[in-house]
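Source file: target23.txt; contents: compact mmCIF, C-alpha atoms and all ligand atoms.
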# COMPACT_ATOMS: atom_id res chain seq x y z
CA MET A 1 -20.59 11.62 25.18
CA ASN A 2 -17.97 11.04 22.53
CA PRO A 3 -15.03 13.42 23.09
CA TYR A 4 -13.97 13.29 19.43
CA ARG A 5 -17.36 14.05 17.96
CA HIS A 6 -17.70 17.51 16.51
CA PRO A 7 -21.25 18.84 16.14
CA SER A 8 -20.56 20.11 12.63
CA ALA A 9 -19.00 16.84 11.43
CA ASN A 10 -19.98 16.51 7.82
CA ARG A 11 -19.07 14.56 4.71
CA SER A 12 -17.32 16.32 1.90
CA ASP A 13 -16.13 15.81 -1.64
CA ALA A 14 -12.59 15.50 -0.29
CA ASN A 15 -13.45 11.83 0.23
CA TRP A 16 -13.67 11.09 -3.49
CA TYR A 17 -10.95 8.45 -3.54
CA HIS A 18 -11.96 6.06 -0.82
CA PRO A 19 -15.69 6.03 -0.20
CA ASP A 20 -15.47 2.64 1.52
CA LEU A 21 -13.40 4.13 4.32
CA LEU A 22 -16.35 6.26 5.36
CA LEU A 23 -19.12 4.97 7.48
CA THR A 24 -22.07 7.27 7.16
CA SER A 25 -23.21 6.26 3.73
CA THR A 26 -26.89 6.48 2.86
CA GLU A 27 -27.04 2.73 3.44
CA ASP A 28 -25.67 3.12 7.00
CA ILE A 29 -28.10 5.84 7.84
CA LEU A 30 -30.99 3.73 6.58
CA THR A 31 -29.77 0.69 8.51
CA MET A 32 -29.33 2.71 11.69
CA SER A 33 -32.75 4.31 11.50
CA GLN A 34 -34.34 0.94 10.75
CA SER A 35 -32.66 -0.85 13.63
CA SER A 36 -34.80 0.89 16.24
CA THR A 37 -38.03 -0.38 14.65
CA LEU A 38 -36.83 -3.95 13.91
CA ASN A 39 -37.73 -6.98 16.03
CA PRO A 40 -35.07 -7.93 18.64
CA VAL A 41 -33.43 -10.68 16.54
CA ASN A 42 -33.12 -8.48 13.45
CA ARG A 43 -31.94 -5.55 15.57
CA HIS A 44 -29.26 -7.77 17.07
CA HIS A 45 -28.05 -8.81 13.59
CA SER A 46 -28.12 -5.27 12.32
CA ASN A 47 -26.12 -4.02 15.33
CA LEU A 48 -23.62 -6.83 14.91
CA ARG A 49 -23.20 -5.89 11.26
CA GLN A 50 -22.50 -2.30 12.21
CA VAL A 51 -19.94 -3.31 14.84
CA LEU A 52 -18.15 -5.63 12.41
CA ARG A 53 -18.18 -2.91 9.79
CA SER A 54 -16.63 -0.41 12.20
CA TYR A 55 -13.77 -2.78 13.05
CA TRP A 56 -13.30 -3.52 9.36
CA GLN A 57 -12.99 0.22 8.64
CA LEU A 58 -10.54 0.65 11.50
CA THR A 59 -8.06 -1.45 9.51
CA LYS A 60 -8.17 0.89 6.42
CA PRO A 61 -8.82 -2.24 4.33
CA ARG A 62 -8.41 -0.74 0.86
CA ILE A 63 -4.67 -0.35 1.29
CA ILE A 64 -4.03 -3.93 2.40
CA PRO A 65 -4.45 -5.75 -0.96
CA LEU A 66 -1.51 -3.91 -2.52
CA LEU A 67 0.70 -4.75 0.47
CA LEU A 68 -0.30 -8.40 -0.03
CA ILE A 69 0.34 -8.26 -3.78
CA GLU A 70 3.91 -7.11 -3.03
CA THR A 71 4.31 -9.96 -0.53
CA ALA A 72 2.98 -12.56 -2.97
CA ALA A 73 5.18 -11.30 -5.83
CA SER A 74 8.26 -11.48 -3.65
CA MET A 75 7.34 -15.04 -2.58
CA TRP A 76 6.87 -16.15 -6.18
CA VAL A 77 10.21 -14.77 -7.30
CA ALA A 78 11.94 -16.30 -4.26
CA ALA A 79 10.36 -19.69 -4.97
CA GLU A 80 11.17 -19.42 -8.69
CA GLY A 81 7.54 -20.18 -9.51
CA HIS A 82 7.25 -23.29 -7.29
CA LEU A 83 5.40 -21.87 -4.34
CA ASP A 84 3.83 -23.92 -1.52
CA PRO A 85 0.14 -22.84 -1.53
CA LEU A 86 -0.24 -23.25 2.25
CA LEU A 87 2.78 -21.03 2.89
CA LEU A 88 1.37 -18.43 0.51
CA VAL A 89 -2.09 -18.40 2.12
CA ILE A 90 -0.78 -18.20 5.69
CA THR A 91 1.79 -15.51 4.87
CA LEU A 92 -0.86 -13.39 3.17
CA LEU A 93 -3.30 -13.94 6.02
CA SER A 94 -0.80 -12.98 8.70
CA GLY A 95 0.41 -10.07 6.53
CA ALA A 96 -3.16 -8.77 6.32
CA LEU A 97 -3.59 -9.13 10.09
CA ALA A 98 -0.29 -7.34 10.79
CA ALA A 99 -1.15 -4.46 8.44
CA ALA A 100 -4.63 -4.23 9.96
CA SER A 101 -3.10 -4.07 13.42
CA ALA A 102 -0.70 -1.29 12.32
CA GLN A 103 -3.51 0.73 10.77
CA THR A 104 -5.64 0.32 13.90
CA VAL A 105 -2.88 1.68 16.14
CA ASN A 106 -2.43 4.55 13.66
CA CYS A 107 -6.17 5.28 13.95
CA ILE A 108 -5.86 5.28 17.76
CA TYR A 109 -2.87 7.61 17.85
CA ASP A 110 -4.17 9.96 15.17
CA ARG A 111 -7.71 10.23 16.55
CA ASP A 112 -7.32 13.94 17.33
CA ILE A 113 -6.22 14.98 13.85
CA ASP A 114 -8.55 12.46 12.22
CA PHE A 115 -11.40 14.16 14.05
CA ALA A 116 -10.32 17.59 12.85
CA MET A 117 -9.88 16.60 9.19
CA GLU A 118 -12.96 16.53 7.00
CA ARG A 119 -11.68 13.50 5.11
CA THR A 120 -11.14 11.33 8.18
CA ARG A 121 -13.63 12.45 10.83
CA HIS A 122 -16.05 9.61 10.06
CA ARG A 123 -13.48 6.98 10.92
CA PRO A 124 -14.63 4.63 13.70
CA ILE A 125 -12.73 6.23 16.60
CA PRO A 126 -13.35 9.94 15.94
CA SER A 127 -17.00 9.21 15.22
CA GLY A 128 -17.27 7.32 18.51
CA ARG A 129 -18.27 3.95 17.10
CA VAL A 130 -15.24 2.14 18.55
CA GLN A 131 -13.83 2.89 21.98
CA LEU A 132 -10.08 3.32 22.52
CA ARG A 133 -9.71 0.33 24.84
CA ASP A 134 -11.52 -1.97 22.41
CA ALA A 135 -9.43 -0.72 19.50
CA LEU A 136 -6.21 -1.37 21.44
CA LEU A 137 -7.35 -4.87 22.34
CA PHE A 138 -8.27 -5.48 18.71
CA ALA A 139 -4.87 -4.27 17.43
CA GLY A 140 -2.99 -6.34 20.01
CA THR A 141 -4.97 -9.48 19.19
CA LEU A 142 -4.42 -9.08 15.46
CA ALA A 143 -0.66 -8.62 15.94
CA LEU A 144 -0.43 -11.66 18.22
CA ILE A 145 -2.31 -13.90 15.79
CA ALA A 146 -0.22 -12.58 12.88
CA PHE A 147 3.04 -13.28 14.70
CA GLY A 148 1.96 -16.71 15.94
CA LEU A 149 0.68 -17.91 12.56
CA GLN A 150 3.70 -16.66 10.65
CA ALA A 151 6.26 -18.03 13.10
CA TRP A 152 4.47 -21.38 13.27
CA VAL A 153 3.84 -22.02 9.57
CA ALA A 154 6.74 -20.07 7.97
CA ASN A 155 9.62 -19.01 10.20
CA LEU A 156 10.66 -16.63 12.98
CA LEU A 157 12.49 -14.22 10.66
CA SER A 158 9.41 -13.47 8.55
CA ALA A 159 7.24 -13.16 11.68
CA CYS A 160 9.71 -10.69 13.24
CA LEU A 161 9.84 -8.69 10.00
CA ALA A 162 6.05 -8.37 9.98
CA MET A 163 6.22 -7.07 13.55
CA ALA A 164 8.99 -4.68 12.47
CA GLY A 165 6.55 -3.40 9.80
CA ILE A 166 4.06 -2.55 12.55
CA GLY A 167 6.86 -0.99 14.61
CA VAL A 168 8.13 1.27 11.80
CA TYR A 169 4.65 2.38 10.74
CA VAL A 170 3.52 3.11 14.28
CA GLY A 171 6.77 4.20 15.91
CA VAL A 172 8.74 5.89 13.12
CA TYR A 173 5.99 7.21 10.85
CA THR A 174 2.91 7.81 13.03
CA TYR A 175 4.52 8.72 16.36
CA TRP A 176 7.89 10.23 15.46
CA LEU A 177 7.79 11.83 12.00
CA LYS A 178 4.24 12.35 10.73
CA ARG A 179 3.72 15.53 12.77
CA SER A 180 7.29 16.78 12.80
CA SER A 181 9.04 16.38 9.42
CA THR A 182 8.40 16.87 5.70
CA GLN A 183 10.40 13.66 5.27
CA ASN A 184 7.80 11.72 7.31
CA ILE A 185 6.65 9.50 4.47
CA VAL A 186 10.12 9.08 2.99
CA ILE A 187 11.57 7.51 6.13
CA GLY A 188 8.30 6.19 7.58
CA GLY A 189 7.44 4.82 4.15
CA ALA A 190 9.95 2.05 4.83
CA ALA A 191 7.11 0.30 6.69
CA GLY A 192 5.19 -0.23 3.48
CA ALA A 193 8.33 -1.64 1.84
CA ILE A 194 8.71 -4.38 4.45
CA PRO A 195 6.10 -6.81 2.98
CA PRO A 196 8.48 -7.93 0.17
CA LEU A 197 11.05 -8.76 2.87
CA VAL A 198 8.42 -10.76 4.77
CA GLY A 199 7.51 -12.69 1.61
CA TRP A 200 11.12 -13.45 0.71
CA ALA A 201 12.01 -14.52 4.25
CA ALA A 202 8.91 -16.74 4.45
CA VAL A 203 10.13 -18.74 1.43
CA THR A 204 13.91 -18.77 1.88
CA GLY A 205 14.40 -18.17 5.61
CA GLU A 206 16.85 -15.34 4.83
CA LEU A 207 17.10 -12.01 3.01
CA GLY A 208 18.85 -11.87 -0.37
CA TRP A 209 19.84 -9.04 -2.71
CA THR A 210 16.57 -9.38 -4.66
CA ALA A 211 14.51 -8.94 -1.50
CA TRP A 212 16.42 -5.77 -0.62
CA LEU A 213 16.04 -4.45 -4.15
CA PHE A 214 12.26 -4.99 -4.00
CA PHE A 215 12.28 -3.19 -0.63
CA LEU A 216 14.14 -0.28 -2.24
CA ILE A 217 11.72 -0.17 -5.19
CA VAL A 218 8.69 0.23 -2.89
CA PHE A 219 10.64 2.65 -0.69
CA VAL A 220 11.41 4.94 -3.67
CA TRP A 221 7.88 4.50 -5.10
CA THR A 222 6.19 5.70 -1.89
CA PRO A 223 7.00 9.46 -2.17
CA PRO A 224 5.55 9.87 -5.70
CA HIS A 225 2.58 7.73 -4.61
CA PHE A 226 1.77 9.74 -1.54
CA TRP A 227 2.82 13.24 -2.60
CA GLY A 228 0.54 12.97 -5.66
CA LEU A 229 -2.33 12.54 -3.21
CA ALA A 230 -0.91 15.04 -0.72
CA LEU A 231 -1.07 17.75 -3.40
CA LEU A 232 -4.85 17.18 -3.44
CA ILE A 233 -5.51 17.00 0.28
CA GLN A 234 -2.85 19.40 1.55
CA ASP A 235 -5.42 21.85 2.95
CA ASP A 236 -6.68 19.19 5.32
CA TYR A 237 -3.15 18.41 6.52
CA ALA A 238 -2.32 22.13 6.80
CA LYS A 239 -5.40 22.65 8.97
CA VAL A 240 -4.13 20.18 11.58
CA GLY A 241 -0.47 21.19 11.29
CA VAL A 242 0.83 17.99 9.70
CA PRO A 243 3.91 19.07 7.67
CA MET A 244 3.29 16.99 4.54
CA LEU A 245 5.70 18.20 1.84
CA PRO A 246 3.31 20.33 -0.28
CA VAL A 247 2.03 22.08 2.86
CA VAL A 248 5.53 23.29 3.70
CA VAL A 249 7.29 23.76 0.35
CA GLY A 250 4.39 24.23 -2.09
CA ASP A 251 3.29 22.52 -5.28
CA GLN A 252 6.32 23.24 -7.44
CA VAL A 253 8.99 21.84 -5.13
CA THR A 254 6.78 18.81 -4.41
CA ALA A 255 6.33 18.13 -8.13
CA ARG A 256 10.10 18.39 -8.58
CA GLN A 257 10.67 15.88 -5.76
CA ILE A 258 8.11 13.53 -7.33
CA TRP A 259 10.00 13.79 -10.61
CA TYR A 260 13.39 13.00 -8.98
CA TYR A 261 12.02 9.97 -7.12
CA THR A 262 10.37 8.65 -10.30
CA LEU A 263 13.66 9.14 -12.19
CA VAL A 264 15.41 6.94 -9.63
CA LEU A 265 12.55 4.43 -9.42
CA VAL A 266 12.45 3.33 -13.06
CA PRO A 267 16.13 2.27 -13.42
CA LEU A 268 15.91 0.60 -10.01
CA THR A 269 13.11 -1.70 -11.24
CA LEU A 270 15.39 -2.81 -14.10
CA LEU A 271 18.16 -3.97 -11.74
CA MET A 272 15.89 -6.99 -11.13
CA VAL A 273 16.70 -8.08 -14.69
CA TYR A 274 20.33 -6.98 -14.79
CA PRO A 275 22.58 -7.58 -12.90
CA LEU A 276 20.42 -9.58 -10.45
CA ALA A 277 18.77 -11.82 -13.08
CA ALA A 278 15.96 -12.46 -10.61
CA THR A 279 13.41 -11.76 -13.32
CA GLY A 280 13.51 -12.07 -17.09
CA VAL A 281 12.44 -10.47 -20.31
CA VAL A 282 8.66 -10.44 -19.68
CA TYR A 283 9.06 -8.43 -16.48
CA GLY A 284 11.75 -6.30 -18.15
CA ILE A 285 9.47 -5.21 -21.00
CA LEU A 286 6.64 -4.48 -18.56
CA ALA A 287 8.93 -2.49 -16.23
CA VAL A 288 10.13 -0.32 -19.13
CA GLY A 289 6.59 0.33 -20.40
CA LEU A 290 5.08 1.04 -16.98
CA GLY A 291 8.08 3.16 -16.01
CA TRP A 292 7.82 5.20 -19.20
CA ILE A 293 4.17 6.03 -18.42
CA PHE A 294 5.07 6.93 -14.82
CA LEU A 295 7.84 9.26 -16.04
CA ARG A 296 5.48 10.96 -18.50
CA LYS A 297 2.91 11.58 -15.79
CA ALA A 298 5.54 12.92 -13.37
CA TRP A 299 6.92 15.13 -16.15
CA SER A 300 3.46 16.56 -16.93
CA LEU A 301 3.00 17.35 -13.24
CA LEU A 302 6.43 18.97 -13.12
CA LYS A 303 5.35 21.28 -15.96
CA MET A 304 2.00 22.12 -14.28
CA PRO A 305 2.45 21.46 -10.54
CA SER A 306 -0.85 23.05 -9.50
CA ASP A 307 -2.98 21.03 -11.88
CA ARG A 308 -5.04 18.85 -9.53
CA ASP A 309 -6.20 16.51 -12.29
CA LEU A 310 -2.58 15.66 -13.10
CA ALA A 311 -1.83 15.03 -9.41
CA ARG A 312 -4.92 12.80 -9.02
CA ASN A 313 -3.99 10.96 -12.17
CA LEU A 314 -0.43 10.34 -10.94
CA PHE A 315 -1.67 9.09 -7.55
CA LYS A 316 -4.10 6.64 -9.15
CA TYR A 317 -1.51 5.50 -11.65
CA SER A 318 1.06 4.88 -8.88
CA ILE A 319 -1.26 2.20 -7.46
CA ALA A 320 -1.86 0.53 -10.83
CA TYR A 321 1.90 0.72 -11.47
CA MET A 322 2.85 -1.18 -8.32
CA MET A 323 0.13 -3.77 -8.91
CA LEU A 324 1.19 -4.44 -12.51
CA LEU A 325 4.90 -4.45 -11.72
CA SER A 326 4.28 -7.08 -9.03
CA LEU A 327 2.07 -9.05 -11.39
CA GLY A 328 4.89 -8.89 -13.96
CA MET A 329 7.25 -10.49 -11.44
CA VAL A 330 4.76 -13.31 -10.78
CA ILE A 331 4.10 -14.01 -14.47
CA ASP A 332 7.82 -13.90 -15.17
CA SER A 333 8.64 -16.44 -12.47
CA LEU A 334 6.08 -19.05 -13.63
CA PRO A 335 7.60 -22.20 -15.21
CA VAL A 336 5.24 -21.87 -18.19
CA THR A 337 6.66 -18.40 -18.95
CA HIS A 338 10.22 -19.77 -18.80
CA HIS A 339 9.22 -22.51 -21.21
CA LEU A 340 7.58 -20.06 -23.64
CA VAL A 341 10.48 -17.61 -23.53
CA THR A 342 13.07 -20.38 -24.06
CA THR A 343 11.11 -21.83 -26.98
CA LEU A 344 10.71 -18.40 -28.54
CA GLY A 345 14.44 -17.73 -28.05
CA THR A 346 15.37 -21.01 -29.77
CA HIS A 347 13.13 -20.21 -32.74
CA LEU A 348 14.55 -16.71 -33.04
CA ASN A 349 18.11 -18.12 -32.96
CA LEU A 350 17.26 -20.63 -35.68
CA LEU A 351 15.71 -17.85 -37.75
CA ALA A 352 18.75 -15.62 -37.27
CA ALA A 353 21.06 -18.47 -38.35
CA ALA A 354 18.92 -19.17 -41.41
CA ILE A 355 18.79 -15.57 -42.65
CA PRO A 356 22.30 -15.46 -44.26
CA ALA A 357 21.64 -18.78 -46.03
CA LEU A 358 18.26 -17.55 -47.24
CA ALA A 359 19.78 -14.26 -48.37
CA ALA A 360 22.54 -16.07 -50.30
CA SER A 361 20.12 -18.40 -52.15
C1 LIG A 401 4.08 6.17 4.55
C2 LIG A 401 3.71 5.76 3.35
C3 LIG A 401 2.30 5.97 2.80
C4 LIG A 401 1.42 6.97 3.06
C5 LIG A 401 1.58 8.16 3.99
C6 LIG A 401 0.22 6.67 2.29
C7 LIG A 401 -0.92 7.43 2.34
C8 LIG A 401 -2.08 7.13 1.69
C9 LIG A 401 -3.31 7.82 1.89
C10 LIG A 401 -3.52 8.99 2.84
C11 LIG A 401 -4.22 7.25 1.09
C12 LIG A 401 -5.69 7.64 0.96
C13 LIG A 401 -6.57 6.63 1.63
C14 LIG A 401 -6.72 6.81 3.11
O1 LIG A 401 -7.20 7.84 3.56
O2 LIG A 401 -6.39 5.87 3.87
C15 LIG A 401 -3.57 6.18 0.37
C16 LIG A 401 -4.18 5.36 -0.53
C17 LIG A 401 -3.64 4.19 -0.93
N1 LIG A 401 -2.41 3.69 -0.63
FE1 LIG A 401 -0.94 4.71 0.27
N2 LIG A 401 0.42 5.53 1.58
C18 LIG A 401 1.66 5.07 1.88
C19 LIG A 401 2.22 3.91 1.41
C20 LIG A 401 1.52 2.95 0.74
C21 LIG A 401 2.03 1.65 0.44
C22 LIG A 401 3.41 1.13 0.83
C23 LIG A 401 1.04 1.00 -0.24
C24 LIG A 401 1.05 -0.40 -0.77
C25 LIG A 401 2.08 -0.94 -1.34
C26 LIG A 401 -0.07 1.91 -0.39
C27 LIG A 401 -1.23 1.62 -1.05
C28 LIG A 401 -2.29 2.45 -1.17
C29 LIG A 401 -3.51 2.14 -1.91
C30 LIG A 401 -3.79 0.84 -2.68
C31 LIG A 401 -4.35 3.23 -1.76
C32 LIG A 401 -5.74 3.42 -2.38
C33 LIG A 401 -6.80 3.00 -1.43
C34 LIG A 401 -8.16 3.28 -2.07
O3 LIG A 401 -8.50 2.59 -3.01
O4 LIG A 401 -8.82 4.18 -1.58
N3 LIG A 401 0.26 3.07 0.23
N4 LIG A 401 -2.26 6.13 0.75
C1 LIG A 402 4.58 -5.38 7.25
C2 LIG A 402 3.56 -4.40 7.69
C3 LIG A 402 2.69 -4.79 8.80
C4 LIG A 402 3.50 -3.20 7.09
C5 LIG A 402 2.46 -2.18 7.37
C6 LIG A 402 2.73 -0.96 6.59
C7 LIG A 402 1.54 -0.11 6.39
C8 LIG A 402 0.34 -0.31 7.21
C9 LIG A 402 1.60 0.83 5.44
C10 LIG A 402 0.47 1.72 5.10
C11 LIG A 402 0.92 3.09 4.79
C12 LIG A 402 -0.26 4.02 4.72
C13 LIG A 402 -1.42 3.69 3.89
C14 LIG A 402 -0.26 5.16 5.39
C15 LIG A 402 -1.44 6.09 5.47
O1 LIG A 402 -0.98 7.23 6.04
P1 LIG A 402 -1.78 7.96 7.20
O2 LIG A 402 -2.23 6.93 8.18
O3 LIG A 402 -0.95 9.04 7.73
O4 LIG A 402 -3.00 8.55 6.38
P2 LIG A 402 -4.26 9.38 6.87
O5 LIG A 402 -3.94 10.80 6.65
O6 LIG A 402 -5.33 8.87 5.92
O7 LIG A 402 -4.52 9.01 8.29
Entire entry expressed as C-alpha cells:
Amino acid sequence: MNPYRHPSANRSDANWYHPDLLLTSTEDILTMSQSSTLNPVNRHHSNLRQVLRSYWQLTKPRIIPLLLIETAASMWVAAEGHLDPLLLVITLLSGALAAASAQTVNCIYDRDIDFAMERTRHRPIPSGRVQLRDALLFAGTLALIAFGLQAWVANLLSACLAMAGIGVYVGVYTYWLKRSSTQNIVIGGAAGAIPPLVGWAAVTGELGWTAWLFFLIVFVWTPPHFWGLALLIQDDYAKVGVPMLPVVVGDQVTARQIWYYTLVLVPLTLLMVYPLAATGVVYGILAVGLGWIFLRKAWSLLKMPSDRDLARNLFKYSIAYMMLLSLGMVIDSLPVTHHLVTTLGTHLNLLAAAIPALAAS
C-alpha cells in the first residue's frame, strides 16, 4: 500500500505548463493496461521503460537545460570563445547529474506536500512508482558520479561548487526556507545561480568578477521568474501551507516586488559590457532589447496584478529571456563575432572620417 497515494488523486488543468512532468498520460495508461496482456519479453521491456521514465521524471528534467545553458554561457565567456569541447561536455554532463540529484532529494523531502498538491501528486514518489530508499540511492549515486567526473576532468573547485548547488537547493531552500519564509526563493534561489560559477571555475580554476556578476544576474532573475508562476499556482501552495509570496501578501505586493527585481536586473546585465568588458556590443544590444521587453511585461503586471494571463506571460518570457541572454553571451564571445564587429567598426570609422571631406566637396 502506498502511503502517499490519495484515492481521489486526479489530474487537473493546473498542470498546463509542464505536461512532461506528469506520468499518467493517456499513453502511460495504455502502456500499463497493455503490459498485463503482453508476452513476457515485451512485458519486461514495457516495465523497464516505465521504471526508467519514473526515474527520469524524478529529476524534473525540463528545468535542467536552462541550468546547463547558463553553465555553457559562463564557460564560453571565461574561455573567450576558445573552449575545450571535452571540458564543455563533461561539465554539462556532471552539471545535469548534480541538478538531477538535487531535484530527486527535493522530491523525497517534499513528498507529503507533493502528494497534497493537485499539480504534483503524480510525481513518482507520491504516486508510489519509486520507493524512498531507491530514490535516495539514485540521488546519492548521481551526486557521486557528478562530483567524480567534474573533479577528474575539470578541477576540484568546480566539483565542490556543483555539490554546493545541491547543498543550497536541498538544505537552504527545500529544508530550511520553503515552508517557513516568503523569502524562500530569494535566498534559496542562490542554488540556481551557482551553475555559472561552476562553468567559470571549470575553465579558469578560480572565480572572477564576471562569474560573480553572472551569479547575481540569475539570483535577481529568479524572483520575477518564480513569482510570475506562483501567482498562478498560489492556491495549491496555500492549501499545503507553503508561504510563497503571493499566498501571504497577495497579488499586488507580489507584482510590485516583481517590478523592483526586474528594475534591478536589467542594469545588472549591462555591467557585463561596462565596466567589466566581459562581453561586447552584440550582447549589449540584446541585453537592452530583452530587458526592455521584460520591463514592459513586469509593468503591465504591476498595473493589473490579478490578471493571470499577464502573470503566465511573464513567467514564460522569463525563461526565454534567460536562454537568449545566455545565447547572446556565447555569440558575443565567438572569435568570428569579434572579427565581424572589428571590421564593421573600422568601416564605420573610415566612413565617419570621410564625411567631412565628402561634405566639403
Ligand atoms: C528557487 C528558485 C526556483 C524556483 C522555486 C522555481 C520554481 C519553478 C517551478 C515550480 C516551475 C514549474 C515546473 C515544476 O513544477 O517543476 C518552474 C519552471 C521552470 N523553471 Fe524555475 N524555479 C526556480 C529557479 C529556476 C532556475 C534557476 C532556473 C534555470 C536557470 C529555472 C528554470 C525553469 C524552467 C526552464 C522552467 C520551465 C519548465 C517547463 O518547461 O515546464 N528555474 N520553476
Ligand atoms: C549547481 C546545481 C546542482 C544547482 C541546482 C539548482 C536547482 C536544482 C535549481 C532548481 C530550482 C527549481 C526548479 C525549484 C523548483 O522549486 P520546487 O521544487 O519548490 O517546486 P515544486 O513546487 O514544483 O515542487
What are the closest atom pairs, with distances in Å to one decimal, for each residue of chain A lying within 6 Å of ligand LIG 402 (chain A), using all atoms listed in the file, rows by chain and rising residue number, as a Markdown table?
| residue | atom | partner | partner_atom | distance |
| --- | --- | --- | --- | --- |
| A:Ile63 | CA | A:LIG402 | C13 | 5.8 |
| A:Ala98 | CA | A:LIG402 | C3 | 4.4 |
| A:Ala99 | CA | A:LIG402 | C3 | 3.9 |
| A:Ala102 | CA | A:LIG402 | C8 | 5.3 |
| A:Gln103 | CA | A:LIG402 | C8 | 5.3 |
| A:Asn106 | CA | A:LIG402 | O2 | 6.0 |
| A:Ala162 | CA | A:LIG402 | C1 | 4.3 |
| A:Gly165 | CA | A:LIG402 | C1 | 3.8 |
| A:Ile166 | CA | A:LIG402 | C3 | 4.6 |
| A:Tyr169 | CA | A:LIG402 | C6 | 5.7 |
| A:Ala191 | CA | A:LIG402 | C6 | 4.6 |
| A:Gly192 | CA | A:LIG402 | C6 | 4.0 |
| A:Ile194 | CA | A:LIG402 | C1 | 5.1 |
| A:Pro195 | CA | A:LIG402 | C1 | 4.8 |
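Nearest residue to A:Lys297 among A:Leu83, A:Ala255, A:Val336, A:Val172 is A:Ala255, counting all atoms listed in the file.
Note that the spacing between atom CA of A:Leu295 and atom CA of A:Thr254 amounts to 15.1 Å.
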Could the centre and edge lengths of an axis-aligned box, enclosing all atoms of ligand LIG 401 (chain A) in the file with 8 Å extra on each side, be given in Å to one decimal as AutoDock Vina command-line options?
--center_x -2.4 --center_y 4.0 --center_z 0.8 --size_x 28.9 --size_y 25.9 --size_z 23.6
Quick one: residues within 8 Å of ligand LIG 401 (chain A), with all atoms listed in the file, as a PyMOL selection string? chain A and resi 17-21+60+62-70+119-120+169+173+184-193+218-219+222-223+225-226+229-230+316+319+322
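Across A:Met163, A:Val220, A:Ala287, A:Val247, the tightest approach to A:Gly140 is made by A:Met163 when counting only C-alpha atoms.
Across A:Trp200, A:Phe115, A:Trp56, A:Trp292, the tightest approach to A:Leu157 is made by A:Trp200 when counting all atoms listed in the file.
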Please provide the set of residues having any atom within 12 Å of A:Leu88, restricted to all atoms listed in the file, with same-chain residues fewer than 6 positions apart removed, written as a list in words. Leu68, Ile69, Thr71, Ala72, Ala73, Ser74, Met75, Trp76, Ala78, Ala79, Gly81, His82, Ser94, Gly95, Gln150, Val153, Ala154, Val198, Gly199, Trp200, Ala201, Ala202 and Val203 of chain A
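Using only C-alpha atoms for every distance, the candidate list A:Ala238, A:Ala96, A:Leu52, A:Val266 yields A:Leu52 as the residue closest to A:Arg129.
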Output: stretch 56-69 of chain A of the preceding structure, restricted to N, CA and C atoms, written as an mmCIF file, in the first residue's frame.
data_model
loop_
_atom_site.group_PDB
_atom_site.id
_atom_site.type_symbol
_atom_site.label_atom_id
_atom_site.label_comp_id
_atom_site.auth_asym_id
_atom_site.auth_seq_id
_atom_site.Cartn_x
_atom_site.Cartn_y
_atom_site.Cartn_z
ATOM 1 N N TRP A 56 13.444 9.249 -14.587
ATOM 2 C CA TRP A 56 13.638 10.448 -15.403
ATOM 3 C C TRP A 56 12.782 11.592 -14.841
ATOM 4 N N GLN A 57 11.534 11.291 -14.529
ATOM 5 C CA GLN A 57 10.627 12.331 -14.011
ATOM 6 C C GLN A 57 11.022 12.821 -12.628
ATOM 7 N N LEU A 58 11.661 11.927 -11.859
ATOM 8 C CA LEU A 58 12.108 12.290 -10.522
ATOM 9 C C LEU A 58 13.096 13.461 -10.573
ATOM 10 N N THR A 59 13.786 13.597 -11.693
ATOM 11 C CA THR A 59 14.836 14.618 -11.807
ATOM 12 C C THR A 59 14.284 15.964 -12.287
ATOM 13 N N LYS A 60 12.977 16.103 -12.478
ATOM 14 C CA LYS A 60 12.328 17.305 -13.034
ATOM 15 C C LYS A 60 13.135 17.806 -14.242
ATOM 16 N N PRO A 61 13.210 16.982 -15.284
ATOM 17 C CA PRO A 61 14.175 17.215 -16.373
ATOM 18 C C PRO A 61 13.975 18.491 -17.176
ATOM 19 N N ARG A 62 12.775 19.074 -17.164
ATOM 20 C CA ARG A 62 12.562 20.238 -18.025
ATOM 21 C C ARG A 62 13.286 21.483 -17.539
ATOM 22 N N ILE A 63 13.694 21.472 -16.267
ATOM 23 C CA ILE A 63 14.363 22.654 -15.738
ATOM 24 C C ILE A 63 15.869 22.615 -16.039
ATOM 25 N N ILE A 64 16.376 21.387 -16.206
ATOM 26 C CA ILE A 64 17.838 21.219 -16.306
ATOM 27 C C ILE A 64 18.464 21.926 -17.526
ATOM 28 N N PRO A 65 17.857 21.875 -18.730
ATOM 29 C CA PRO A 65 18.519 22.531 -19.868
ATOM 30 C C PRO A 65 18.890 24.000 -19.624
ATOM 31 N N LEU A 66 18.029 24.742 -18.957
ATOM 32 C CA LEU A 66 18.353 26.160 -18.737
ATOM 33 C C LEU A 66 19.539 26.311 -17.772
ATOM 34 N N LEU A 67 19.611 25.428 -16.776
ATOM 35 C CA LEU A 67 20.763 25.466 -15.870
ATOM 36 C C LEU A 67 22.052 25.188 -16.672
ATOM 37 N N LEU A 68 21.933 24.273 -17.643
ATOM 38 C CA LEU A 68 23.117 23.928 -18.454
ATOM 39 C C LEU A 68 23.467 25.053 -19.433
ATOM 40 N N ILE A 69 22.437 25.733 -19.935
ATOM 41 C CA ILE A 69 22.700 26.857 -20.852
ATOM 42 C C ILE A 69 23.492 27.942 -20.118
#
